[in-house]
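As provided, my_file.cif (mmCIF, C-alpha atoms) reads as follows.
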```
data_final
#
loop_
_atom_site.label_atom_id
_atom_site.label_comp_id
_atom_site.auth_asym_id
_atom_site.auth_seq_id
_atom_site.Cartn_x
_atom_site.Cartn_y
_atom_site.Cartn_z
CA ARG A 13 -15.66 68.11 -22.45
CA ALA A 14 -15.21 71.79 -23.27
CA GLU A 15 -16.85 74.77 -25.05
CA ASP A 16 -15.52 76.61 -28.08
CA PRO A 17 -15.84 80.43 -28.55
CA ARG A 18 -19.31 79.92 -29.99
CA HIS A 19 -20.29 78.09 -26.79
CA THR A 20 -20.54 74.79 -28.60
CA VAL A 21 -19.82 71.84 -26.38
CA VAL A 22 -16.92 69.78 -27.62
CA THR A 23 -16.44 66.26 -26.20
CA ALA A 24 -14.09 63.37 -26.64
CA THR A 25 -13.92 59.85 -25.21
CA ASP A 26 -11.14 57.35 -24.61
CA VAL A 27 -11.10 53.82 -23.31
CA GLU A 28 -8.30 52.17 -21.33
CA SER A 29 -8.40 48.46 -20.49
CA VAL A 30 -6.60 46.93 -17.53
CA THR A 31 -6.01 43.20 -17.49
CA TRP A 32 -5.65 41.56 -14.07
CA SER A 33 -4.61 37.95 -13.81
CA ALA A 34 -6.18 36.44 -10.70
CA PRO A 35 -3.93 33.81 -9.14
CA SER A 36 -5.06 30.19 -9.12
CA GLY A 37 -3.83 27.47 -6.79
CA LEU A 38 -4.75 24.45 -4.74
CA SER A 39 -3.35 22.46 -1.84
CA LEU A 40 -3.69 18.71 -1.36
CA THR A 41 -3.67 17.08 2.06
CA LYS A 42 -3.58 13.29 1.99
CA THR A 43 -4.15 11.19 5.11
CA ALA A 44 -4.11 7.44 5.63
CA GLY A 45 -6.26 5.69 8.19
CA PRO A 46 -5.22 2.64 10.23
CA VAL A 47 -5.07 -0.88 8.85
CA ILE A 48 -8.54 -2.38 9.27
CA ASP A 49 -8.91 -6.12 9.91
CA ALA A 50 -11.44 -6.48 7.11
CA ASN A 51 -11.24 -10.27 6.93
CA GLY A 52 -11.51 -10.81 10.70
CA SER A 53 -8.27 -12.78 10.94
CA GLY A 54 -7.10 -10.89 14.02
CA ARG A 55 -3.86 -9.87 12.35
CA GLU A 56 -2.64 -7.48 9.68
CA GLY A 57 -2.39 -9.28 6.36
CA VAL A 58 -3.73 -9.80 2.86
CA GLY A 59 -7.33 -8.66 2.45
CA ASP A 60 -7.17 -6.01 5.16
CA THR A 61 -7.86 -2.43 4.14
CA VAL A 62 -6.59 1.14 4.47
CA THR A 63 -8.77 4.17 3.73
CA TYR A 64 -7.10 7.21 2.22
CA THR A 65 -8.73 10.66 2.44
CA PHE A 66 -7.86 13.52 0.11
CA ALA A 67 -8.68 17.14 1.01
CA VAL A 68 -8.22 19.59 -1.87
CA ARG A 69 -8.33 23.27 -0.83
CA ASN A 70 -8.64 26.11 -3.34
CA THR A 71 -5.83 28.47 -2.28
CA GLY A 72 -6.25 30.86 -5.20
CA ALA A 73 -8.63 33.67 -6.14
CA THR A 74 -10.45 31.87 -8.95
CA THR A 75 -13.06 29.11 -8.98
CA LEU A 76 -11.63 25.72 -9.89
CA THR A 77 -13.49 22.99 -11.75
CA GLY A 78 -13.06 19.28 -12.36
CA VAL A 79 -11.01 18.47 -9.27
CA THR A 80 -9.59 14.94 -9.47
CA VAL A 81 -7.00 12.85 -7.62
CA ASP A 82 -4.52 10.31 -9.01
CA ASP A 83 -2.49 7.86 -6.92
CA ALA A 84 -0.87 5.18 -9.06
CA ARG A 85 0.54 3.17 -6.14
CA ILE A 86 -2.94 2.30 -4.90
CA GLY A 87 -4.58 2.14 -8.33
CA VAL A 88 -6.44 5.46 -8.22
CA THR A 89 -6.92 7.32 -11.52
CA GLY A 90 -9.14 10.34 -12.02
CA LEU A 91 -10.96 10.06 -8.69
CA ALA A 92 -13.66 12.76 -8.79
CA CYS A 93 -13.21 15.10 -5.83
CA GLY A 94 -15.30 18.16 -6.69
CA ALA A 95 -17.06 19.58 -9.74
CA THR A 96 -16.63 23.22 -8.65
CA VAL A 97 -14.54 24.55 -5.77
CA ALA A 98 -14.72 28.23 -4.85
CA PRO A 99 -11.75 30.19 -3.49
CA GLY A 100 -11.06 29.17 0.11
CA ALA A 101 -13.32 26.11 -0.10
CA THR A 102 -12.23 22.50 0.31
CA ALA A 103 -13.38 19.41 -1.57
CA SER A 104 -12.86 15.98 -0.02
CA CYS A 105 -12.92 12.44 -1.36
CA SER A 106 -11.69 9.06 -0.19
CA VAL A 107 -10.82 5.58 -1.41
CA THR A 108 -10.34 2.24 0.34
CA TYR A 109 -7.32 0.14 -0.64
CA THR A 110 -6.97 -3.62 -0.04
CA LEU A 111 -3.57 -4.90 1.07
CA THR A 112 -1.68 -7.35 -1.14
CA GLN A 113 0.89 -9.91 -0.03
CA ALA A 114 3.63 -7.69 -1.44
CA ASP A 115 2.41 -4.83 0.79
CA VAL A 116 2.42 -7.07 3.85
CA ASP A 117 5.89 -8.45 3.14
CA ALA A 118 7.26 -4.93 2.56
CA GLY A 119 5.88 -3.83 5.93
CA ARG A 120 4.77 -0.44 4.67
CA ILE A 121 3.10 1.47 1.85
CA ASP A 122 4.68 4.72 0.70
CA ASN A 123 2.80 6.62 -1.98
CA THR A 124 2.21 10.08 -3.38
CA ALA A 125 -1.08 11.45 -4.71
CA THR A 126 -1.61 14.30 -7.16
CA ALA A 127 -4.65 16.59 -7.17
CA SER A 128 -5.55 18.36 -10.42
CA ALA A 129 -8.10 21.02 -11.41
CA THR A 130 -8.76 23.58 -14.13
CA ASP A 131 -8.93 27.36 -13.60
CA PRO A 132 -11.13 29.81 -15.60
CA ARG A 133 -8.32 30.36 -18.12
CA GLY A 134 -8.26 26.63 -18.88
CA ASP A 135 -4.90 26.12 -17.20
CA ALA A 136 -4.18 23.06 -15.07
CA VAL A 137 -3.54 23.55 -11.35
CA THR A 138 -1.91 20.70 -9.39
CA ASP A 139 -0.41 19.77 -6.04
CA ASP A 140 1.12 16.62 -4.52
CA ASP A 141 1.12 15.08 -1.06
CA ALA A 142 2.45 11.79 0.34
CA ALA A 143 1.42 9.41 3.10
CA SER A 144 2.94 6.29 4.63
CA VAL A 145 1.25 3.31 6.24
CA THR A 146 3.11 0.87 8.49
CA ILE A 147 1.98 -2.77 8.31
CA ARG A 148 2.78 -5.11 11.20
CA PRO A 149 2.37 -8.70 10.02
CA THR A 150 2.64 -11.69 12.31
CA THR A 151 5.42 -14.22 11.75
CA SER A 152 5.03 -17.75 13.09
CA VAL A 153 5.36 -21.40 12.09
CA GLU A 154 3.84 -24.68 13.21
CA LEU A 155 5.89 -27.89 13.11
CA THR A 156 4.31 -31.34 12.93
CA LYS A 157 6.65 -34.32 13.28
CA THR A 158 5.68 -37.93 12.63
CA ALA A 159 7.65 -41.18 12.78
CA SER A 160 7.23 -44.33 10.73
CA ALA A 161 7.39 -47.83 12.07
CA VAL A 162 10.84 -49.39 12.40
CA THR A 163 12.08 -50.68 9.07
CA ASP A 164 13.43 -54.17 9.79
CA LEU A 165 16.29 -54.23 7.31
CA ASP A 166 17.69 -57.62 8.37
CA GLY A 167 14.39 -59.39 8.98
CA ASN A 168 15.13 -60.42 12.57
CA GLY A 169 13.00 -57.82 14.33
CA PRO A 170 13.84 -54.29 15.40
CA ASP A 171 17.49 -54.06 16.36
CA ALA A 172 20.65 -52.15 15.64
CA GLY A 173 20.97 -51.12 12.01
CA ASP A 174 17.25 -50.84 11.40
CA THR A 175 15.84 -47.40 10.59
CA VAL A 176 13.00 -45.08 11.43
CA GLU A 177 11.83 -42.47 8.94
CA TYR A 178 10.70 -39.09 10.23
CA ALA A 179 8.51 -36.61 8.36
CA PHE A 180 8.34 -32.95 9.22
CA SER A 181 5.59 -30.60 8.12
CA VAL A 182 6.34 -26.88 8.48
CA ARG A 183 3.26 -24.65 8.18
CA ASN A 184 3.39 -20.87 7.88
CA THR A 185 0.82 -19.73 10.45
CA GLY A 186 1.67 -16.03 10.15
CA SER A 187 0.66 -13.37 7.64
CA ALA A 188 4.08 -12.66 6.11
CA THR A 189 5.96 -14.72 3.54
CA LEU A 190 8.81 -16.76 5.06
CA THR A 191 12.09 -17.76 3.42
CA ARG A 192 14.74 -20.45 4.03
CA VAL A 193 12.70 -22.98 5.98
CA THR A 194 14.99 -25.21 8.05
CA VAL A 195 14.68 -28.01 10.62
CA ASP A 196 16.98 -28.95 13.52
CA ASP A 197 16.86 -32.42 15.09
CA PRO A 198 20.07 -33.47 16.91
CA LEU A 199 18.97 -37.11 17.21
CA LEU A 200 18.72 -37.36 13.42
CA GLY A 201 21.82 -35.29 12.82
CA LEU A 202 19.81 -32.48 11.28
CA ASP A 203 21.47 -29.14 11.94
CA ASP A 204 19.88 -26.20 10.13
CA GLU A 205 18.63 -28.63 7.50
CA VAL A 206 17.17 -26.63 4.61
CA CYS A 207 13.73 -27.89 3.66
CA THR A 208 13.22 -25.35 0.89
CA THR A 209 14.69 -22.14 -0.48
CA THR A 210 11.36 -21.27 -2.09
CA PRO A 211 9.37 -18.57 -0.24
CA LEU A 212 6.64 -20.03 1.95
CA GLY A 213 3.47 -17.93 1.89
CA PRO A 214 0.85 -17.69 4.64
CA PHE A 215 -0.99 -20.98 5.31
CA ALA A 216 1.40 -22.86 2.99
CA VAL A 217 3.00 -26.12 4.16
CA GLN A 218 6.52 -27.34 3.43
CA PRO A 219 7.43 -31.02 3.97
CA CYS A 220 10.87 -32.16 5.11
CA ALA A 221 12.29 -35.56 6.06
CA GLY A 222 14.99 -37.28 8.08
CA SER A 223 16.10 -40.81 8.82
CA TYR A 224 17.43 -42.38 12.04
CA GLU A 225 19.45 -45.58 12.27
CA ILE A 226 19.02 -47.53 15.48
CA GLY A 227 22.37 -47.99 17.19
#
```
Render the structure in this file as structure tokens.
Amino acid sequence: RAEDPRHTVVTATDVESVTWSAPSGLSLTKTAGPVIDANGSGREGVGDTVTYTFAVRNTGATTLTGVTVDDARIGVTGLACGATVAPGATASCSVTYTLTQADVDAGRIDNTATASATDPRGDAVTDDDAASVTIRPTTSVELTKTASAVTDLDGNGPDAGDTVEYAFSVRNTGSATLTRVTVDDPLLGLDDEVCTTTPLGPFAVQPCAGSYEIG
């Protein structure tokens, strides 16, 4: 603003714009709870559960929207964790996962989750975090052995040369899958006798047999 010699006020205006890009960010903290004996079996195995908790903190200066969590290892896709999260605020969500036989046999679950959100500019903001769960299955077997009557091969009553047939039943009483089921019985000459090379799952039973000749 100024005045000319005739004392007329002369003015002019100007506009200057300043663009400031506010930073956007988030931080994911993933925690895994203990293995819960959901089926009441008294041991860690198939059907038991683990609860995962996801805490998504807005570490930027802009409000985030549509916060979701993905964790492919435990089958989580697009888990809603917060519609709107202000700067400095934290949104939390959780999911319960049921153990499979593969999990139990592996003895642990290692997995990584990804949190995603959208900032005011429409850009995606993400962060990852991992958690591990140790599974402690029980391993045990139960052997049942039965004997047949003496097979009188020569028809003159039980004596030398006649035989007795033995049946073995090996039951997996633990919660982990067993492999290479064998039986030892020195009397029958069975030394590390392989009953099956097929994996024996929990509660499954594998038969085996042996024969003894009376001397």
Pick out the residues sitting within 9 Å of range 47-54 of chain A, and hand them over as JSON, numbers by chain; count all atoms listed in the file, and ignore anything fewer than 3 positions along from it in its own chain. {"A": [44, 57, 58, 59, 60, 61, 62, 63, 110, 111, 145, 146, 147]}
Would you save the residues from that selection as a compact mmCIF listing (two decimals), keeping the file's coordinate frame, using C-alpha atoms?
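New file out32.txt:
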```txt
# COMPACT_ATOMS: atom_id res chain seq x y z
CA ALA A 44 -4.11 7.44 5.63
CA GLY A 57 -2.39 -9.28 6.36
CA VAL A 58 -3.73 -9.80 2.86
CA GLY A 59 -7.33 -8.66 2.45
CA ASP A 60 -7.17 -6.01 5.16
CA THR A 61 -7.86 -2.43 4.14
CA VAL A 62 -6.59 1.14 4.47
CA THR A 63 -8.77 4.17 3.73
CA THR A 110 -6.97 -3.62 -0.04
CA LEU A 111 -3.57 -4.90 1.07
CA VAL A 145 1.25 3.31 6.24
CA THR A 146 3.11 0.87 8.49
CA ILE A 147 1.98 -2.77 8.31
```
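The interatomic distance for the pair CA of Val97 in chain A and CA of Thr138 in chain A works out to 13.7 Å.
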Suppose a student applies the PyMOL selection byres ((chain A and resi 190) around 7) to this structure; what residues should they get, written as a PyMOL selection string? chain A and resi 188-189+191+211-213
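Once the PyMOL selection byres ((chain A and resi 101) around 12) is applied to the shown structure, the selection contains Gly37, Leu38, Ser39, Ala67, Val68, Arg69, Asn70, Thr71, Gly72, Ala73, Thr74, Thr75, Leu76, Gly94, Thr96, Val97, Ala98, Pro99, Gly100, Thr102, Ala103 and Ser104 of chain A.
Residues matching the PyMOL selection byres ((chain A and resi 164) around 12) in this structure come to Ser160, Ala161, Val162, Thr163, Leu165, Asp166, Gly167, Asn168, Gly169, Pro170, Asp171, Ala172, Gly173, Asp174, Thr175, Val176, Glu177, Glu225 and Ile226 of chain A.
Rounded to one decimal, CA of Leu199 in chain A and CA of Thr156 in chain A lie 16.3 Å from each other.
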